[in-house]
Amino acid sequence: MHNPFVHIELHTDDVAGAQKFYKQLFSWKFPPMGPTYTGVDVGEGTGGGIQKKMMAAAPTMWLPYVLVESVKK
């Protein structure tokens with residue numbers, strides 16, 4: 001794949017609930033990566049992180065990161 005997803009991040013109001021849901025559904029693991037950020041270890045494939053939404057009015061969402069050669073292009 002020329003431009004693969006390299007990180008996927010969940011922004012949510014309920015970090016603990018999301019962890020419980022995805023652990024039961026996919027057996028994902030959630031290593032702590034800081035005081036407000038949790039990793040998402042999917043085993044094989046692209047992992048990412050989970051964090052509490054920074055703005056309460058923002059929707060819960062997955063934010064994918066894609067590898068590119070140049071951000072300016």
# chains A, B, ... in the order shown; residues from 1 in each chain; ligands from 1
$ residues_around --residues "region 35-41 of chain A" --least-positions-apart "5" --cutoff "12 Å" --atoms "only C-alpha atoms" --output "list in words"
His7, Ile8, Glu9, Leu10, His11, Thr12, Val15, Ala16, Ala18, Gln19, Tyr22, Lys23, Phe26, Ser27, Trp28, Lys29, Phe30, Thr46, Gly47, Gly48, Gly49, Ile50, Gln51, Lys52, Lys53 and Met54 of chain A
$ select_by_dssp --residues "chain A" --states "alpha helix (DSSP H)" --output "list of chain:residue names"
A:Val15, A:Ala16, A:Gly17, A:Ala18, A:Gln19, A:Lys20, A:Phe21, A:Tyr22, A:Lys23, A:Gln24, A:Leu25, A:Phe26
$ select_by_dssp --residues "chain A" --states "strand (DSSP E)" --output "PyMOL selection string"
chain A and resi 5-12+37-40+48-52+61-66
$ residues_around --residues "Pro4 (chain A)" --least-positions-apart "6" --cutoff "10 Å" --atoms "only C-alpha atoms" --output "PyMOL selection string"
chain A and resi 46+65-68
$ closest_residue --among "A:Met33, A:Val42, A:Ala56, A:Leu25" --to "Asp13 (chain A)" --atoms "only C-alpha atoms"
A:Ala56
